[in-house]
Amino acid sequence: MKQPVENSGERPVTGLSTWIGKSSEQVVESFGEPERIEQSAYGYDWWVYPISTKQYIQMGIEEEKVVTLYAIGNEVDVAPYKLGQKLEDIYRFTIIESELVVNDESGSYQFELNEQDLNTRLLVSLGDIYAQLYLDKFTGELMSIRFLDSSTLIRIHPYEMMYRGELVEETEPTEEEWEAIDTASENQIFDITNVMRDQLGVGKVDWNEEIAEVARGHSREMYEEGYFSHDSPAFGSLADRLEREEITFKSAGENIASQYTDAAEAVHGWLNSEGHRKILLEEDFTDLGVGVHKKYYTQNFIEKFAIEQ
């Protein structure tokens, strides 16, 4: 029997979205201390709760208040939605618009969703907060969700945006801050990848620091040399780069991305691209190393040789 859903368009009264606007003290009372506190590029800190491969939550805390929340896993409560829900079901009770106007004290902002957005990452108004619905276009199911208050949505502006008023000035992180942001993105990409693999019936991969160093080098080089390719002009293919560091492997695969808002967006981009998805969900891979440098993302997988008994 289907459970009744709350009306879309209204602020939910149950589920994780109710945490938007609550205090960090309330978060600790209910969830305990986070496993990690990690810096974002947008002024808030991520409080990370990797509860299990069925429940993974990141809460964005700014000035001791929850301003955004990202959740993935089959057991998270993301009312009025449910992860795994079919797109056609979402369309039945949600008003989906390709243009959405958000107002705050700094002005009026219009977000425009293109065709790809309407198939892979919807933006929905829920009373005084907003939800980004991340869809798996290959299965047509809701894979994860992000809730945000209006000022955080405007600051991140993850869609094409037109505005009237004074655009919020972006503050470029310092080199030290970028280092912390990049490390946070690496950790989050690893966690989210394993939750996705579990949800889609593929085994978890182990973190591999040696491979992460290779991935970091590639992301840094792409940023510094201004190119975007699996082949490094200086160090060659992934196989070349792994062999150069004397890393043995039976098979290997690489995903790269650039200019995504953050870790969650990058992984969902890979999930919805056929070639990247194949690598992301390859069941033979055993190890993963992630390297991020200023919004250049590299994900290197290997399959280790079986250890003979």
# chains A, B, ... in the order shown; residues from 1 in each chain; ligands from 1
call {"tool": "closest_atom_pairs", "arguments": {"of": "segment 157-254 of chain A", "to": "segment 27-39 of chain A", "cutoff": "9 Å", "atoms": "only C-alpha atoms", "output": "CSV"}}
result
residue,atom,partner,partner_atom,distance
A:Glu177,CA,A:Gln39,CA,7.7
A:Trp178,CA,A:Gln39,CA,8.8
A:Ala180,CA,A:Gln39,CA,6.1
A:Ile181,CA,A:Gln39,CA,5.2
A:Asp182,CA,A:Gln39,CA,8.7
A:Thr183,CA,A:Glu38,CA,8.3
A:Ala184,CA,A:Glu38,CA,5.5
A:Ser185,CA,A:Glu38,CA,8.7
call {"tool": "residues_around", "arguments": {"residues": "segment 114-122 of chain A", "least_positions_apart": "5", "cutoff": "8 Å", "atoms": "only C-alpha atoms", "output": "list in words"}}
result
Ile96, Ser98, Ala131, Gln132, Leu133, Tyr134, Leu135, Asp136, Lys137 and Asn272 of chain A
call {"tool": "write_last_selection", "arguments": {"atoms": "all heavy atoms", "output": "tab-separated table (two decimals), in the first residue's frame"}}
result
chain	number	residue	atom	x	y	z
A	96	ILE	N	6.75	21.00	-11.83
A	96	ILE	CA	8.13	21.16	-12.33
A	96	ILE	C	8.13	22.30	-13.35
A	96	ILE	O	7.40	22.26	-14.33
A	96	ILE	CB	8.65	19.87	-13.00
A	96	ILE	CG1	8.55	18.68	-12.03
A	96	ILE	CG2	10.07	20.06	-13.50
A	96	ILE	CD1	9.41	18.75	-10.81
A	98	SER	N	10.63	25.03	-15.73
A	98	SER	CA	11.98	25.23	-16.26
A	98	SER	C	12.56	26.58	-15.83
A	98	SER	O	13.75	26.82	-15.97
A	98	SER	CB	11.99	25.12	-17.79
A	98	SER	OG	11.12	26.09	-18.34
A	131	ALA	N	14.53	22.36	-3.08
A	131	ALA	CA	15.09	21.01	-3.18
A	131	ALA	C	15.67	20.83	-4.57
A	131	ALA	O	15.03	21.19	-5.57
A	131	ALA	CB	14.03	19.96	-2.91
A	132	GLN	N	16.88	20.28	-4.62
A	132	GLN	CA	17.45	19.80	-5.88
A	132	GLN	C	17.28	18.29	-5.89
A	132	GLN	O	17.77	17.60	-4.99
A	132	GLN	CB	18.94	20.14	-5.96
A	132	GLN	CG	19.23	21.57	-6.36
A	132	GLN	CD	20.73	21.75	-6.55
A	132	GLN	OE1	21.48	21.85	-5.58
A	132	GLN	NE2	21.18	21.79	-7.79
A	133	LEU	N	16.58	17.79	-6.90
A	133	LEU	CA	16.33	16.36	-7.01
A	133	LEU	C	17.30	15.78	-8.03
A	133	LEU	O	17.22	16.09	-9.21
A	133	LEU	CB	14.89	16.09	-7.45
A	133	LEU	CG	13.77	16.81	-6.69
A	133	LEU	CD1	12.41	16.37	-7.21
A	133	LEU	CD2	13.87	16.55	-5.20
A	134	TYR	N	18.22	14.93	-7.57
A	134	TYR	CA	19.22	14.33	-8.45
A	134	TYR	C	18.70	12.98	-8.95
A	134	TYR	O	18.52	12.05	-8.17
A	134	TYR	CB	20.53	14.13	-7.69
A	134	TYR	CG	21.24	15.43	-7.36
A	134	TYR	CD1	21.20	15.94	-6.07
A	134	TYR	CD2	21.92	16.14	-8.34
A	134	TYR	CE1	21.84	17.13	-5.75
A	134	TYR	CE2	22.56	17.33	-8.03
A	134	TYR	CZ	22.51	17.82	-6.74
A	134	TYR	OH	23.14	19.00	-6.43
A	135	LEU	N	18.49	12.90	-10.26
A	135	LEU	CA	17.89	11.71	-10.87
A	135	LEU	C	18.93	10.90	-11.62
A	135	LEU	O	19.88	11.44	-12.18
A	135	LEU	CB	16.79	12.14	-11.84
A	135	LEU	CG	15.63	12.87	-11.15
A	135	LEU	CD1	15.03	13.91	-12.06
A	135	LEU	CD2	14.58	11.88	-10.67
A	136	ASP	N	18.74	9.59	-11.61
A	136	ASP	CA	19.53	8.68	-12.43
A	136	ASP	C	18.79	8.54	-13.75
A	136	ASP	O	17.73	7.92	-13.82
A	136	ASP	CB	19.64	7.33	-11.71
A	136	ASP	CG	20.45	6.30	-12.51
A	136	ASP	OD1	20.62	6.49	-13.72
A	136	ASP	OD2	20.88	5.30	-11.90
A	137	LYS	N	19.31	9.15	-14.81
A	137	LYS	CA	18.55	9.16	-16.07
A	137	LYS	C	18.48	7.79	-16.73
A	137	LYS	O	17.62	7.54	-17.57
A	137	LYS	CB	19.14	10.19	-17.05
A	137	LYS	CG	20.43	9.81	-17.72
A	137	LYS	CD	20.83	10.85	-18.75
A	137	LYS	CE	22.03	10.40	-19.55
A	137	LYS	NZ	22.48	11.43	-20.50
A	272	ASN	N	25.44	10.01	-14.69
A	272	ASN	CA	24.53	10.23	-15.81
A	272	ASN	C	25.22	10.34	-17.16
A	272	ASN	O	24.60	10.76	-18.14
A	272	ASN	CB	23.68	11.48	-15.53
A	272	ASN	CG	22.55	11.17	-14.57
A	272	ASN	OD1	21.87	10.15	-14.69
A	272	ASN	ND2	22.34	12.03	-13.59
call {"tool": "residues_around", "arguments": {"residues": "Trp207 of chain A", "least_positions_apart": "6", "cutoff": "8 Å", "atoms": "only C-alpha atoms", "output": "VMD selection string"}}
result
chain A and resid 190 287 to 289
call {"tool": "atom_distance", "arguments": {"atom1": "atom CA of His218 of chain A", "atom2": "atom CA of Arg241 of chain A"}}
result
8.9 Å
call {"tool": "residues_around", "arguments": {"residues": "Phe285 of chain A", "least_positions_apart": "2", "cutoff": "6 Å", "atoms": "only C-alpha atoms", "output": "NGL selection string"}}
result
:A and (282-283 or 302-303)
call {"tool": "atom_distance", "arguments": {"atom1": "atom CA of Gly217 of chain A", "atom2": "atom CA of Thr174 of chain A"}}
result
19.8 Å
call {"tool": "residues_around", "arguments": {"residues": "Leu238 of chain A", "least_positions_apart": "6", "cutoff": "10 Å", "atoms": "only C-alpha atoms", "output": "list in words"}}
result
Val214, Ala215, His218, His230, Asp231, Ser232, Arg244, Ala252, Gly253, Glu254, Asn300 and Phe301 of chain A
call {"tool": "select_by_dssp", "arguments": {"residues": "segment 158-252 of chain A", "states": "alpha helix (DSSP H)", "output": "ChimeraX atom specification"}}
result
/A:175-199,209-225,238-244
call {"tool": "residues_around", "arguments": {"residues": "Gly291 of chain A", "least_positions_apart": "4", "cutoff": "7 Å", "atoms": "only C-alpha atoms", "output": "list in words"}}
result
Glu186, Ala212, Glu213, Ala215, Arg216, Ser219, Tyr297, Thr298 and Gln299 of chain A
call {"tool": "write_last_selection", "arguments": {"atoms": "C-alpha atoms", "output": "tab-separated table (two decimals), in the first residue's frame"}}
result
chain	number	residue	atom	x	y	z
A	186	GLU	CA	37.99	13.89	-2.20
A	212	ALA	CA	44.89	9.30	-4.82
A	213	GLU	CA	48.32	10.92	-5.22
A	215	ALA	CA	44.74	11.47	-9.23
A	216	ARG	CA	45.76	14.67	-7.40
A	219	SER	CA	43.82	17.33	-11.41
A	297	TYR	CA	38.10	16.30	-10.24
A	298	THR	CA	39.88	13.00	-10.97
A	299	GLN	CA	38.66	9.59	-9.86
call {"tool": "atom_distance", "arguments": {"atom1": "atom CA of Phe228 of chain A", "atom2": "atom CA of Asn208 of chain A"}}
result
23.5 Å
call {"tool": "residues_around", "arguments": {"residues": "segment 49-58 of chain A", "least_positions_apart": "6", "cutoff": "7 Å", "atoms": "only C-alpha atoms", "output": "PyMOL selection string"}}
result
chain A and resi 34-35+69-76+194-195+198
call {"tool": "write_last_selection", "arguments": {"atoms": "C-alpha atoms", "output": "mmCIF file, in the first residue's frame"}}
result
data_model
loop_
_atom_site.group_PDB
_atom_site.id
_atom_site.type_symbol
_atom_site.label_atom_id
_atom_site.label_comp_id
_atom_site.auth_asym_id
_atom_site.auth_seq_id
_atom_site.Cartn_x
_atom_site.Cartn_y
_atom_site.Cartn_z
ATOM 1 C CA PRO A 34 29.702 14.611 12.986
ATOM 2 C CA GLU A 35 32.360 12.149 11.831
ATOM 3 C CA LEU A 69 21.636 19.424 3.442
ATOM 4 C CA TYR A 70 22.594 16.651 1.015
ATOM 5 C CA ALA A 71 21.386 13.058 1.488
ATOM 6 C CA ILE A 72 21.781 9.747 -0.339
ATOM 7 C CA GLY A 73 20.933 6.151 0.624
ATOM 8 C CA ASN A 74 17.773 4.066 0.582
ATOM 9 C CA GLU A 75 16.988 4.654 4.264
ATOM 10 C CA VAL A 76 17.124 8.468 4.457
ATOM 11 C CA ASN A 194 30.382 3.762 -2.378
ATOM 12 C CA VAL A 195 26.768 4.585 -1.457
ATOM 13 C CA ASP A 198 25.802 -0.216 -2.977
#
call {"tool": "select_by_dssp", "arguments": {"residues": "segment 32-224 of chain A", "states": "strand (DSSP E or B)", "output": "ChimeraX atom specification"}}
result
/A:36-39,45-52,55-62,65-72,86,99-104,107-112,121-126,129-136,141-149,160-165,206-207
call {"tool": "closest_residue", "arguments": {"among": "A:Ile145, A:Leu271, A:Leu126, A:Ile154", "to": "Ile95 of chain A", "atoms": "only C-alpha atoms"}}
result
A:Leu126
